[in-house]
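The data block below is my_file34.csv; it holds CSV, C-alpha atoms.
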chain,number,residue,atom,x,y,z
A,1,MET,CA,-3.2,-20.3,-12.2
A,2,LYS,CA,-3.6,-17.5,-14.7
A,3,ILE,CA,-2.9,-14.2,-12.8
A,4,LEU,CA,-2.8,-10.6,-13.8
A,5,ILE,CA,-0.8,-8.0,-11.8
A,6,TYR,CA,-2.3,-4.6,-12.9
A,7,GLY,CA,0.5,-2.1,-12.1
A,8,ALA,CA,4.2,-2.4,-12.3
A,9,GLY,CA,5.4,-0.2,-9.5
A,10,VAL,CA,7.6,-1.5,-6.7
A,11,ILE,CA,4.8,-3.5,-4.9
A,12,GLY,CA,3.4,-4.8,-8.2
A,13,CYS,CA,6.8,-6.0,-9.4
A,14,GLU,CA,7.5,-7.7,-6.0
A,15,LEU,CA,4.1,-9.4,-6.1
A,16,ALA,CA,4.8,-10.6,-9.7
A,17,HIS,CA,8.1,-12.0,-8.6
A,18,ILE,CA,6.5,-13.8,-5.7
A,19,LEU,CA,3.6,-15.3,-7.7
A,20,CYS,CA,5.4,-16.2,-11.0
A,21,LYS,CA,7.2,-19.2,-9.4
A,22,LYS,CA,4.1,-21.3,-9.4
A,23,ASN,CA,1.6,-19.4,-11.6
A,24,ASP,CA,1.1,-18.1,-15.1
A,25,VAL,CA,1.6,-14.4,-14.3
A,26,THR,CA,1.1,-11.4,-16.6
A,27,LEU,CA,2.2,-7.9,-15.6
A,28,LEU,CA,0.4,-4.8,-16.9
A,29,ALA,CA,3.1,-2.2,-17.5
A,30,ARG,CA,3.5,0.7,-19.9
A,31,GLY,CA,6.0,2.8,-21.8
A,32,LYS,CA,9.7,2.5,-21.3
A,33,TRP,CA,9.3,0.4,-18.2
A,34,LYS,CA,7.4,-2.2,-20.1
A,35,GLU,CA,10.0,-2.2,-22.9
A,36,ASN,CA,12.7,-2.6,-20.2
A,37,ILE,CA,11.0,-5.7,-18.7
A,38,ASP,CA,10.4,-7.2,-22.1
A,39,ARG,CA,14.1,-6.7,-23.0
A,40,ASN,CA,15.9,-7.4,-19.7
A,41,GLY,CA,13.3,-9.3,-17.6
A,42,LEU,CA,12.0,-8.1,-14.3
A,43,VAL,CA,15.1,-7.3,-12.3
A,44,ILE,CA,14.7,-6.8,-8.6
A,45,ARG,CA,17.5,-6.0,-6.1
A,46,HIS,CA,16.2,-7.3,-2.7
A,47,TYR,CA,17.9,-4.9,-0.4
A,48,VAL,CA,17.7,-6.8,2.9
A,49,GLN,CA,18.3,-10.2,1.4
A,50,ARG,CA,21.3,-8.8,-0.6
A,51,LYS,CA,20.4,-10.7,-3.8
A,52,THR,CA,19.2,-9.8,-7.3
A,53,THR,CA,16.5,-11.8,-9.1
A,54,VAL,CA,15.5,-11.8,-12.8
A,55,ASP,CA,12.1,-13.1,-13.9
A,56,ARG,CA,10.9,-13.4,-17.5
A,57,LEU,CA,7.2,-12.4,-17.6
A,58,LYS,CA,4.5,-11.8,-20.1
A,59,THR,CA,3.5,-8.1,-20.2
A,60,ILE,CA,0.5,-6.2,-21.6
A,61,ASP,CA,-0.2,-2.5,-21.6
A,62,ILE,CA,-4.0,-2.7,-21.7
A,63,LEU,CA,-6.7,-4.9,-20.2
A,64,GLU,CA,-9.3,-5.9,-22.7
A,65,PRO,CA,-12.9,-6.7,-21.4
A,66,ASP,CA,-12.6,-10.3,-22.6
A,67,ASP,CA,-9.2,-11.0,-21.0
A,68,LYS,CA,-10.1,-13.5,-18.3
A,69,TYR,CA,-7.8,-14.3,-15.3
A,70,GLY,CA,-8.3,-16.5,-12.3
A,71,LEU,CA,-7.1,-13.6,-10.1
A,72,VAL,CA,-6.5,-9.9,-10.8
A,73,PHE,CA,-4.3,-7.9,-8.4
A,74,VAL,CA,-4.7,-4.2,-8.9
A,75,VAL,CA,-1.6,-2.5,-7.5
A,76,MET,CA,-2.0,1.2,-8.2
A,77,GLN,CA,-1.6,4.4,-6.2
A,78,ALA,CA,-4.8,5.3,-4.3
A,79,GLY,CA,-5.6,8.4,-6.3
A,80,GLN,CA,-5.5,6.4,-9.6
A,81,LEU,CA,-8.2,3.9,-8.5
A,82,THR,CA,-11.1,6.0,-9.6
A,83,GLU,CA,-9.9,5.8,-13.2
A,84,VAL,CA,-8.8,2.1,-13.0
A,85,ALA,CA,-11.8,0.6,-11.2
A,86,PRO,CA,-14.2,1.1,-14.2
A,87,ILE,CA,-11.7,-0.7,-16.4
A,88,ILE,CA,-11.8,-3.6,-13.9
A,89,ALA,CA,-15.6,-3.5,-14.0
A,90,GLU,CA,-15.7,-3.9,-17.8
A,91,ASN,CA,-13.5,-7.0,-17.5
A,92,VAL,CA,-14.9,-10.5,-17.2
A,93,SER,CA,-12.5,-11.8,-14.5
A,94,PRO,CA,-14.4,-12.7,-11.3
A,95,HIS,CA,-11.9,-12.3,-8.4
A,96,ILE,CA,-10.2,-9.0,-7.9
A,97,VAL,CA,-7.8,-7.8,-5.1
A,98,PHE,CA,-6.9,-4.2,-4.7
A,99,VAL,CA,-3.5,-3.9,-3.1
A,100,GLY,CA,-2.2,-0.8,-1.4
A,101,ASN,CA,-3.2,2.3,0.5
A,102,ASN,CA,-6.9,3.2,0.2
A,103,MET,CA,-9.1,5.5,2.4
A,104,ALA,CA,-12.2,5.0,0.3
A,105,ALA,CA,-12.3,1.2,-0.2
A,106,LEU,CA,-16.1,1.0,-0.3
A,107,LYS,CA,-16.2,3.5,-3.2
A,108,THR,CA,-13.5,1.6,-5.0
A,109,ALA,CA,-15.4,-1.7,-4.7
A,110,GLY,CA,-18.6,-0.1,-5.9
A,111,LEU,CA,-16.8,1.3,-9.0
A,112,ALA,CA,-15.1,-2.0,-9.8
A,113,ALA,CA,-18.4,-3.9,-9.7
A,114,ALA,CA,-20.8,-1.4,-11.3
A,115,GLY,CA,-22.2,-2.6,-14.6
A,116,SER,CA,-19.8,-5.5,-14.8
A,117,PRO,CA,-20.6,-8.2,-17.4
A,118,ALA,CA,-19.9,-10.9,-14.9
A,119,PRO,CA,-20.4,-11.2,-11.1
A,120,LYS,CA,-17.4,-10.0,-9.1
A,121,GLU,CA,-16.0,-10.6,-5.7
A,122,ILE,CA,-13.6,-7.9,-4.5
A,123,ALA,CA,-11.0,-8.1,-1.8
A,124,PHE,CA,-8.5,-5.6,-0.5
A,125,GLY,CA,-4.9,-6.2,0.6
A,126,PHE,CA,-1.8,-4.6,1.8
A,127,GLN,CA,1.7,-5.9,1.1
A,128,GLY,CA,4.6,-5.3,3.3
A,129,THR,CA,7.0,-4.1,0.6
A,130,ALA,CA,8.6,-0.8,-0.1
A,131,GLY,CA,11.4,0.6,-2.3
A,132,ARG,CA,11.9,2.4,-5.6
A,133,ARG,CA,12.5,1.9,-9.2
A,134,GLU,CA,16.0,2.8,-10.2
A,135,ASP,CA,17.4,2.8,-13.7
A,136,GLU,CA,16.4,-0.6,-15.1
A,137,LYS,CA,15.7,-2.4,-11.9
A,138,VAL,CA,13.5,-2.3,-8.8
A,139,ILE,CA,15.1,-1.8,-5.3
A,140,SER,CA,12.8,-3.7,-3.0
A,141,ILE,CA,12.9,-3.8,0.8
A,142,HIS,CA,10.9,-6.3,2.9
A,143,ALA,CA,11.6,-8.5,5.9
A,144,GLY,CA,10.0,-11.6,4.5
A,145,ALA,CA,7.1,-10.7,2.1
A,146,GLY,CA,3.6,-10.9,3.5
A,147,MET,CA,0.1,-9.7,2.7
A,148,THR,CA,-2.9,-8.7,4.9
A,149,LEU,CA,-6.1,-9.2,2.9
A,150,GLY,CA,-9.8,-9.9,3.1
A,151,GLY,CA,-13.2,-8.4,2.6
A,152,LEU,CA,-14.3,-4.9,3.7
A,153,GLY,CA,-16.7,-6.2,6.4
A,154,ALA,CA,-17.2,-9.9,5.9
A,155,PRO,CA,-15.2,-13.0,5.1
A,156,LEU,CA,-14.4,-13.8,1.5
A,157,SER,CA,-16.1,-16.7,-0.1
A,158,GLN,CA,-14.5,-20.1,0.3
A,159,GLU,CA,-13.8,-20.2,-3.4
A,160,PHE,CA,-12.0,-16.9,-3.3
A,161,GLN,CA,-9.9,-17.9,-0.3
A,162,ASP,CA,-9.0,-21.2,-1.9
A,163,LYS,CA,-7.9,-19.5,-5.0
A,164,LEU,CA,-5.7,-17.1,-3.0
A,165,ASN,CA,-4.2,-19.9,-0.9
A,166,THR,CA,-3.4,-21.9,-4.0
A,167,ALA,CA,-1.8,-18.9,-5.8
A,168,PHE,CA,0.5,-18.2,-2.8
A,169,MET,CA,1.2,-21.8,-1.9
A,170,GLY,CA,5.0,-22.3,-1.7
A,171,ALA,CA,5.6,-18.7,-2.7
A,172,GLY,CA,7.2,-17.7,0.6
A,173,CYS,CA,4.6,-15.0,1.2
A,174,ARG,CA,2.6,-15.3,4.4
A,175,LEU,CA,-1.1,-14.4,4.2
A,176,THR,CA,-2.9,-12.7,7.1
A,177,TRP,CA,-6.7,-12.8,6.8
A,178,GLU,CA,-8.6,-9.7,8.0
A,179,ASN,CA,-12.3,-9.4,7.3
A,180,ARG,CA,-12.5,-5.6,8.1
A,181,MET,CA,-10.1,-4.3,5.6
A,182,ASP,CA,-11.9,-0.9,5.2
A,183,ALA,CA,-11.0,-0.1,8.9
A,184,TRP,CA,-7.6,-1.7,8.6
A,185,LEU,CA,-6.6,0.5,5.6
A,186,LYS,CA,-7.9,3.6,7.4
A,187,CYS,CA,-5.8,2.8,10.5
A,188,HIS,CA,-2.8,2.2,8.3
A,189,ALA,CA,-3.2,5.6,6.6
A,190,VAL,CA,-3.5,7.3,10.0
A,191,CYS,CA,0.0,5.9,10.8
A,192,VAL,CA,1.5,6.8,7.5
A,193,LEU,CA,0.3,10.4,7.0
A,194,PRO,CA,2.1,11.9,10.1
A,195,MET,CA,5.4,10.3,8.9
A,196,CYS,CA,4.9,11.8,5.5
A,197,TYR,CA,4.1,15.2,6.9
A,198,VAL,CA,7.4,15.2,8.8
A,199,CYS,CA,9.2,13.9,5.7
A,200,TYR,CA,7.9,16.9,3.7
A,201,ILE,CA,8.7,19.3,6.5
A,202,ASN,CA,12.3,18.1,6.4
A,203,GLY,CA,12.7,18.3,2.6
A,204,GLY,CA,12.2,14.6,1.9
A,205,ARG,CA,14.7,13.5,4.5
A,206,LEU,CA,12.9,11.7,7.4
A,207,SER,CA,16.3,11.1,8.9
A,208,ARG,CA,16.4,14.8,9.8
A,209,ALA,CA,13.4,14.5,12.1
A,210,ASN,CA,14.2,15.8,15.5
A,211,HIS,CA,13.0,14.5,18.9
A,212,CYS,CA,9.9,16.8,18.9
A,213,GLN,CA,8.9,15.8,15.4
A,214,ARG,CA,9.3,12.0,16.2
A,215,LYS,CA,7.1,12.5,19.3
A,216,ALA,CA,4.6,14.4,17.3
A,217,ILE,CA,4.3,11.6,14.8
A,218,MET,CA,3.1,9.2,17.5
A,219,ASP,CA,0.8,11.9,19.1
A,220,ALA,CA,-0.8,12.7,15.8
A,221,ALA,CA,-1.4,9.0,15.1
A,222,LEU,CA,-3.2,8.7,18.5
A,223,GLU,CA,-5.4,11.7,17.5
A,224,GLY,CA,-6.1,10.0,14.2
A,225,TYR,CA,-7.1,6.7,16.0
A,226,THR,CA,-9.4,8.7,18.3
A,227,ILE,CA,-11.2,10.2,15.2
A,228,LEU,CA,-11.7,6.8,13.7
A,229,GLN,CA,-13.0,5.3,16.9
A,230,LYS,CA,-15.5,8.2,17.2
A,231,LEU,CA,-16.8,7.3,13.8
A,232,GLY,CA,-17.2,3.6,14.8
A,233,PHE,CA,-14.1,2.1,13.1
A,234,PRO,CA,-12.2,-0.5,15.2
A,235,ILE,CA,-8.4,0.0,15.5
A,236,LEU,CA,-6.6,-2.6,13.5
A,237,PRO,CA,-4.5,-4.6,14.0
A,238,LYS,CA,-6.2,-4.9,17.4
A,239,GLY,CA,-4.5,-3.0,20.1
A,240,ASP,CA,-2.2,-1.0,17.8
A,241,GLU,CA,-3.1,2.2,19.6
A,242,ASN,CA,-1.3,0.9,22.7
A,243,CYS,CA,2.0,1.0,20.8
A,244,PHE,CA,1.8,4.8,20.9
A,245,SER,CA,0.8,5.2,24.5
A,246,GLY,CA,1.5,3.6,27.9
A,247,PRO,CA,4.4,1.2,28.6
A,248,LYS,CA,4.8,0.2,24.9
A,249,ARG,CA,5.4,3.7,23.7
A,250,PRO,CA,9.2,3.9,24.5
A,251,ILE,CA,9.6,0.6,22.5
A,252,MET,CA,7.8,2.0,19.5
A,253,ALA,CA,9.8,5.3,19.8
A,254,ALA,CA,13.1,3.3,19.7
A,255,ILE,CA,11.9,1.3,16.7
A,256,PHE,CA,10.9,4.5,14.9
A,257,PHE,CA,14.2,6.1,15.7
A,258,PHE,CA,16.1,3.1,14.2
A,259,ILE,CA,13.9,3.2,11.1
A,260,TYR,CA,14.1,6.9,10.6
A,261,LYS,CA,17.9,7.1,10.9
A,262,THR,CA,18.8,4.2,8.6
A,263,PRO,CA,18.4,3.5,4.8
A,264,ILE,CA,15.3,1.5,5.8
A,265,GLY,CA,13.4,4.7,6.6
A,266,ARG,CA,14.5,6.3,3.3
A,267,LEU,CA,13.3,3.3,1.3
A,268,CYS,CA,10.2,2.6,3.3
A,269,VAL,CA,8.9,6.1,3.9
A,270,SER,CA,10.9,9.0,2.4
A,271,ASP,CA,11.2,7.7,-1.1
A,272,HIS,CA,7.5,6.8,-1.2
A,273,ALA,CA,6.5,10.1,0.2
A,274,MET,CA,8.5,12.0,-2.3
A,275,HIS,CA,7.6,9.9,-5.4
A,276,ALA,CA,3.9,9.5,-4.5
A,277,VAL,CA,3.0,13.0,-3.5
A,278,ALA,CA,-0.4,12.7,-5.3
A,279,GLU,CA,-1.2,9.6,-3.4
A,280,MET,CA,-0.4,11.2,0.0
A,281,GLN,CA,-2.5,14.3,-1.0
A,282,TYR,CA,-5.4,11.9,-1.8
A,283,LEU,CA,-5.1,10.1,1.5
A,284,ASP,CA,-4.8,13.4,3.3
A,285,ALA,CA,-8.0,14.8,1.6
A,286,GLU,CA,-10.0,11.6,2.4
A,287,PHE,CA,-9.0,11.7,6.0
A,288,GLU,CA,-10.0,15.4,6.2
A,289,LYS,CA,-13.5,14.3,5.2
A,290,LEU,CA,-13.5,11.9,8.2
A,291,ARG,CA,-12.2,14.6,10.5
A,292,LYS,CA,-15.1,16.9,9.6
A,293,LYS,CA,-17.6,14.2,10.4
A,294,ALA,CA,-16.0,13.4,13.7
A,295,GLN,CA,-15.7,17.0,14.9
A,296,ILE,CA,-12.8,16.2,17.3
A,297,PRO,CA,-9.8,18.5,17.9
A,298,ALA,CA,-6.5,17.2,16.7
A,299,PRO,CA,-4.0,20.0,17.4
A,300,VAL,CA,-0.8,17.9,16.8
A,301,TRP,CA,-2.1,16.5,13.5
A,302,ASP,CA,-3.2,20.1,12.5
A,303,SER,CA,0.3,21.5,13.3
A,304,LEU,CA,2.2,18.8,11.3
A,305,ARG,CA,-0.2,19.0,8.4
A,306,LYS,CA,0.0,22.8,8.2
A,307,GLU,CA,3.8,22.9,8.4
A,308,SER,CA,4.1,20.1,5.7
A,309,LYS,CA,2.1,22.2,3.2
A,310,ILE,CA,0.8,19.0,1.7
A,311,GLU,CA,-2.1,20.6,-0.1
A,312,GLY,CA,0.2,22.9,-2.1
A,313,ARG,CA,3.0,20.5,-3.0
Kindly present the structure from the file in structure tokens form.
Amino acid sequence: MKILIYGAGVIGCELAHILCKKNDVTLLARGKWKENIDRNGLVIRHYVQRKTTVDRLKTIDILEPDDKYGLVFVVMQAGQLTEVAPIIAENVSPHIVFVGNNMAALKTAGLAAAGSPAPKEIAFGFQGTAGRREDEKVISIHAGAGMTLGGLGAPLSQEFQDKLNTAFMGAGCRLTWENRMDAWLKCHAVCVLPMCYVCYINGGRLSRANHCQRKAIMDAALEGYTILQKLGFPILPKGDENCFSGPKRPIMAAIFFFIYKTPIGRLCVSDHAMHAVAEMQYLDAEFEKLRKKAQIPAPVWDSLRKESKIEGR
């Protein structure tokens, strides 16, 4: 299948690596990074698996309106989607998947379909990959690549699902279908933002988080879940709020402690928080809009947010 990966950050590169085994994959990249991939191939150091892969891929630096692909995966930071979505709308490709953090998925979908020359079906996904670009390679961390994806409030068409299943067949990437991705992405952001606040408070080193800060991360996430529930959003994955309260909380606290104190936390959270400040500011601003609608006190969230100085970073 002819597939475009629009965006060559860590997640886009890992996705290109996954899909190029069985598909005709093109990667949209720009500048020196594109030149590096053209010259050396896409080099990925898989941190957990302790191996390095090199893939030879076609690259482009602009998507023309008449460039047609069976699937287009848009893998850009959330704050960039307002600019990218109209480019997608002008293109004739019918099936689009936006991959990554997004607190305003309905708006993104509207922009990507507005005035399009061809009917579009749009999905949203989240890939369990983190890491950083380093010199001429990607450092990627994942415990077995997987993607949660689906529509914003309804199942995707059978044609779209079949295309996705075919693209990922034999690629070693497990697909988890979720038909309420708008709520799923909001819940994910509610978990991510408190960690990023604490990361900023500690100068980009989540490993420095003390006991009170680690506790506050879970308490703030619970406050965020309460806000979403007040606005009618389900907590997804189902029952996730129970991980931060009751009998499951000590288990989650132990998992977080392990993550924060090891290189996994640096690669999964700290590096992304420090290299994607604009994205975190965007998510923070979008969640503030939801908070104003809910009119629910969130003292722990407020304290972490204020101390992180995220608005002025």
Exercise. Compile the contact shell of segment 308-310 of chain A as a PyMOL selection string: residues with an atom at most 9 Å away, counting all atoms listed in the file, same-chain residues fewer than 6 positions apart removed.
Key: chain A and resi 196-202+277+280-281+284
Self-check item: Pick from A:Leu149, A:Leu228, A:Ala113, A:Ile139 nearest to Phe98 of chain A, counting all atoms listed in the file
Solution: A:Leu149
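Residues of protein, DNA or RNA having at least one counted atom within 10 Å of (12.8, 7.5, 7.7), given only C-alpha atoms, are Met195, Cys196, Val198, Cys199, Gly204, Arg205, Leu206, Ser207, Arg208, Ala209, Phe256, Phe257, Phe258, Ile259, Tyr260, Lys261, Thr262, Pro263, Ile264, Gly265, Arg266, Leu267, Cys268, Val269, Ser270 and Asp271 of chain A.
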Quiz item: So what do you get for atom CA of Phe126 of chain A versus atom CA of Gly224 of chain A, distance-wise?
Solution: 19.6 Å
Quiz item: What is the distance between atom CA of Glu35 of chain A and atom CA of Lys58 of chain A, in Å to one decimal?
Solution: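 Interatomic distance here is 11.4 Å.
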Quiz item: With all atoms listed in the file as the atoms that count, which of A:Lys186, A:Ala253, A:Cys243, A:Pro194 lies nearest to Lys306 of chain A?
Solution: A:Pro194
Quiz item: If you measure from atom CA of Ala171 of chain A to atom CA of Pro65 of chain A, what distance in Å do you get, rounded to one decimal?
Solution: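 Pair atom CA of Ala171 of chain A / atom CA of Pro65 of chain A returns 28.9 Å.
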Exercise. Have a look at A:Thr226, A:Thr26, A:Thr129, A:Ser157 and name the one nearest to Ile60 of chain A; count only C-alpha atoms.
Key: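 The shortest atom-to-atom distance to Ile60 of chain A comes from A:Thr26.
For Lys32 of chain A, the residues within 12 Å (counting all atoms listed in the file, excluding itself and residues fewer than 3 positions away along the chain) are Ala8, Ala29, Glu35, Asn36, Ile37, Asp38, Arg39, Asn40, Asp61, Asp135 and Glu136 of chain A.
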Quiz item: Hey, which of A:Lys137, A:Arg313, A:Trp177, A:Arg50 ends up closest to Met274 of chain A? Count all atoms listed in the file.
Solution: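 Between A:Lys137, A:Arg313, A:Trp177, A:Arg50, the residue approaching Met274 of chain A most closely is A:Arg313.
Proximity ranking of A:Asp162, A:Glu14, A:Glu286, A:Asp66 relative to Ser116 of chain A places A:Asp66 first, based on only C-alpha atoms.
Using only C-alpha atoms, the smallest distance between any of A:Gly125, A:Glu90, A:Gly170, A:Gly110 and Asn23 of chain A comes from A:Gly170.
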Self-check item: Exercise: segment 74-85 of chain A partners within 7 Å, all atoms listed in the file, chain neighbours under 6 positions left out, as an MDAnalysis selection string
Solution: chainID A and resid 5:7 11:12 97:102 108 111:112 278:279 282
Would you fill out segment 41-51 of chain A with all heavy atoms and return it as a PDB file, in the frame of the given file?
ATOM      1  N   GLY A  41      13.961  -8.572 -18.701  1.00  0.00           N
ATOM      2  CA  GLY A  41      13.300  -9.300 -17.600  1.00  0.00           C
ATOM      3  C   GLY A  41      13.012  -8.357 -16.463  1.00  0.00           C
ATOM      4  O   GLY A  41      13.434  -7.196 -16.460  1.00  0.00           O
ATOM      5  N   LEU A  42      12.268  -8.847 -15.497  1.00  0.00           N
ATOM      6  CA  LEU A  42      12.000  -8.100 -14.300  1.00  0.00           C
ATOM      7  C   LEU A  42      13.134  -8.252 -13.320  1.00  0.00           C
ATOM      8  O   LEU A  42      13.287  -9.306 -12.710  1.00  0.00           O
ATOM      9  CB  LEU A  42      10.668  -8.538 -13.673  1.00  0.00           C
ATOM     10  CG  LEU A  42      10.273  -7.880 -12.350  1.00  0.00           C
ATOM     11  CD1 LEU A  42      10.155  -6.374 -12.488  1.00  0.00           C
ATOM     12  CD2 LEU A  42       8.981  -8.495 -11.821  1.00  0.00           C
ATOM     13  N   VAL A  43      13.945  -7.209 -13.188  1.00  0.00           N
ATOM     14  CA  VAL A  43      15.100  -7.300 -12.300  1.00  0.00           C
ATOM     15  C   VAL A  43      14.823  -6.585 -11.009  1.00  0.00           C
ATOM     16  O   VAL A  43      14.436  -5.413 -10.969  1.00  0.00           O
ATOM     17  CB  VAL A  43      16.333  -6.550 -13.016  1.00  0.00           C
ATOM     18  CG1 VAL A  43      17.584  -6.669 -12.129  1.00  0.00           C
ATOM     19  CG2 VAL A  43      16.591  -7.127 -14.410  1.00  0.00           C
ATOM     20  N   ILE A  44      14.986  -7.337  -9.918  1.00  0.00           N
ATOM     21  CA  ILE A  44      14.700  -6.800  -8.600  1.00  0.00           C
ATOM     22  C   ILE A  44      15.955  -7.012  -7.706  1.00  0.00           C
ATOM     23  O   ILE A  44      16.452  -8.136  -7.583  1.00  0.00           O
ATOM     24  CB  ILE A  44      13.511  -7.487  -7.923  1.00  0.00           C
ATOM     25  CG1 ILE A  44      12.258  -7.325  -8.795  1.00  0.00           C
ATOM     26  CG2 ILE A  44      13.265  -6.906  -6.534  1.00  0.00           C
ATOM     27  CD1 ILE A  44      11.021  -7.988  -8.199  1.00  0.00           C
ATOM     28  N   ARG A  45      16.404  -5.929  -7.119  1.00  0.00           N
ATOM     29  CA  ARG A  45      17.500  -6.000  -6.100  1.00  0.00           C
ATOM     30  C   ARG A  45      16.781  -6.033  -4.746  1.00  0.00           C
ATOM     31  O   ARG A  45      16.147  -5.060  -4.329  1.00  0.00           O
ATOM     32  CB  ARG A  45      18.394  -4.796  -6.192  1.00  0.00           C
ATOM     33  CG  ARG A  45      19.472  -4.753  -5.104  1.00  0.00           C
ATOM     34  CD  ARG A  45      20.397  -5.954  -5.144  1.00  0.00           C
ATOM     35  NE  ARG A  45      21.400  -5.920  -4.082  1.00  0.00           N
ATOM     36  CZ  ARG A  45      22.244  -6.893  -3.819  1.00  0.00           C
ATOM     37  NH1 ARG A  45      22.230  -8.001  -4.557  1.00  0.00           N
ATOM     38  NH2 ARG A  45      23.116  -6.796  -2.855  1.00  0.00           N
ATOM     39  N   HIS A  46      16.857  -7.175  -4.057  1.00  0.00           N
ATOM     40  CA  HIS A  46      16.200  -7.300  -2.700  1.00  0.00           C
ATOM     41  C   HIS A  46      17.226  -6.826  -1.693  1.00  0.00           C
ATOM     42  O   HIS A  46      18.236  -7.475  -1.390  1.00  0.00           O
ATOM     43  CB  HIS A  46      15.890  -8.811  -2.516  1.00  0.00           C
ATOM     44  CG  HIS A  46      14.994  -9.369  -3.589  1.00  0.00           C
ATOM     45  ND1 HIS A  46      13.620  -9.340  -3.506  1.00  0.00           N
ATOM     46  CD2 HIS A  46      15.283  -9.952  -4.791  1.00  0.00           C
ATOM     47  CE1 HIS A  46      13.095  -9.880  -4.593  1.00  0.00           C
ATOM     48  NE2 HIS A  46      14.084 -10.263  -5.387  1.00  0.00           N
ATOM     49  N   TYR A  47      16.921  -5.643  -1.171  1.00  0.00           N
ATOM     50  CA  TYR A  47      17.900  -4.900  -0.400  1.00  0.00           C
ATOM     51  C   TYR A  47      18.322  -5.625   0.888  1.00  0.00           C
ATOM     52  O   TYR A  47      19.516  -5.764   1.159  1.00  0.00           O
ATOM     53  CB  TYR A  47      17.252  -3.531   0.007  1.00  0.00           C
ATOM     54  CG  TYR A  47      18.186  -2.583   0.716  1.00  0.00           C
ATOM     55  CD1 TYR A  47      19.038  -1.746  -0.002  1.00  0.00           C
ATOM     56  CD2 TYR A  47      18.221  -2.513   2.107  1.00  0.00           C
ATOM     57  CE1 TYR A  47      19.899  -0.869   0.652  1.00  0.00           C
ATOM     58  CE2 TYR A  47      19.069  -1.641   2.765  1.00  0.00           C
ATOM     59  CZ  TYR A  47      19.908  -0.826   2.032  1.00  0.00           C
ATOM     60  OH  TYR A  47      20.765   0.038   2.670  1.00  0.00           O
ATOM     61  N   VAL A  48      17.362  -6.103   1.672  1.00  0.00           N
ATOM     62  CA  VAL A  48      17.700  -6.800   2.900  1.00  0.00           C
ATOM     63  C   VAL A  48      18.352  -8.126   2.679  1.00  0.00           C
ATOM     64  O   VAL A  48      19.313  -8.512   3.352  1.00  0.00           O
ATOM     65  CB  VAL A  48      16.428  -6.936   3.796  1.00  0.00           C
ATOM     66  CG1 VAL A  48      16.734  -7.768   5.041  1.00  0.00           C
ATOM     67  CG2 VAL A  48      15.868  -5.579   4.199  1.00  0.00           C
ATOM     68  N   GLN A  49      17.834  -8.850   1.689  1.00  0.00           N
ATOM     69  CA  GLN A  49      18.300 -10.200   1.400  1.00  0.00           C
ATOM     70  C   GLN A  49      19.646 -10.178   0.628  1.00  0.00           C
ATOM     71  O   GLN A  49      20.284 -11.225   0.449  1.00  0.00           O
ATOM     72  CB  GLN A  49      17.275 -10.976   0.607  1.00  0.00           C
ATOM     73  CG  GLN A  49      16.037 -11.326   1.403  1.00  0.00           C
ATOM     74  CD  GLN A  49      15.097 -10.137   1.608  1.00  0.00           C
ATOM     75  OE1 GLN A  49      15.217  -9.119   0.921  1.00  0.00           O
ATOM     76  NE2 GLN A  49      14.173 -10.262   2.537  1.00  0.00           N
ATOM     77  N   ARG A  50      20.038  -9.021   0.139  1.00  0.00           N
ATOM     78  CA  ARG A  50      21.300  -8.800  -0.600  1.00  0.00           C
ATOM     79  C   ARG A  50      21.430  -9.801  -1.768  1.00  0.00           C
ATOM     80  O   ARG A  50      22.426 -10.485  -1.943  1.00  0.00           O
ATOM     81  CB  ARG A  50      22.496  -8.979   0.368  1.00  0.00           C
ATOM     82  CG  ARG A  50      22.480  -7.986   1.514  1.00  0.00           C
ATOM     83  CD  ARG A  50      23.657  -8.158   2.434  1.00  0.00           C
ATOM     84  NE  ARG A  50      24.905  -7.773   1.765  1.00  0.00           N
ATOM     85  CZ  ARG A  50      26.114  -7.851   2.326  1.00  0.00           C
ATOM     86  NH1 ARG A  50      26.219  -8.332   3.564  1.00  0.00           N
ATOM     87  NH2 ARG A  50      27.189  -7.493   1.668  1.00  0.00           N
ATOM     88  N   LYS A  51      20.363  -9.822  -2.569  1.00  0.00           N
ATOM     89  CA  LYS A  51      20.400 -10.700  -3.800  1.00  0.00           C
ATOM     90  C   LYS A  51      19.609  -9.966  -4.875  1.00  0.00           C
ATOM     91  O   LYS A  51      18.791  -9.072  -4.620  1.00  0.00           O
ATOM     92  CB  LYS A  51      19.783 -12.037  -3.494  1.00  0.00           C
ATOM     93  CG  LYS A  51      18.285 -12.017  -3.217  1.00  0.00           C
ATOM     94  CD  LYS A  51      17.733 -13.431  -3.035  1.00  0.00           C
ATOM     95  CE  LYS A  51      16.219 -13.408  -2.842  1.00  0.00           C
ATOM     96  NZ  LYS A  51      15.660 -14.774  -2.690  1.00  0.00           N
TER      97      LYS A  51
END
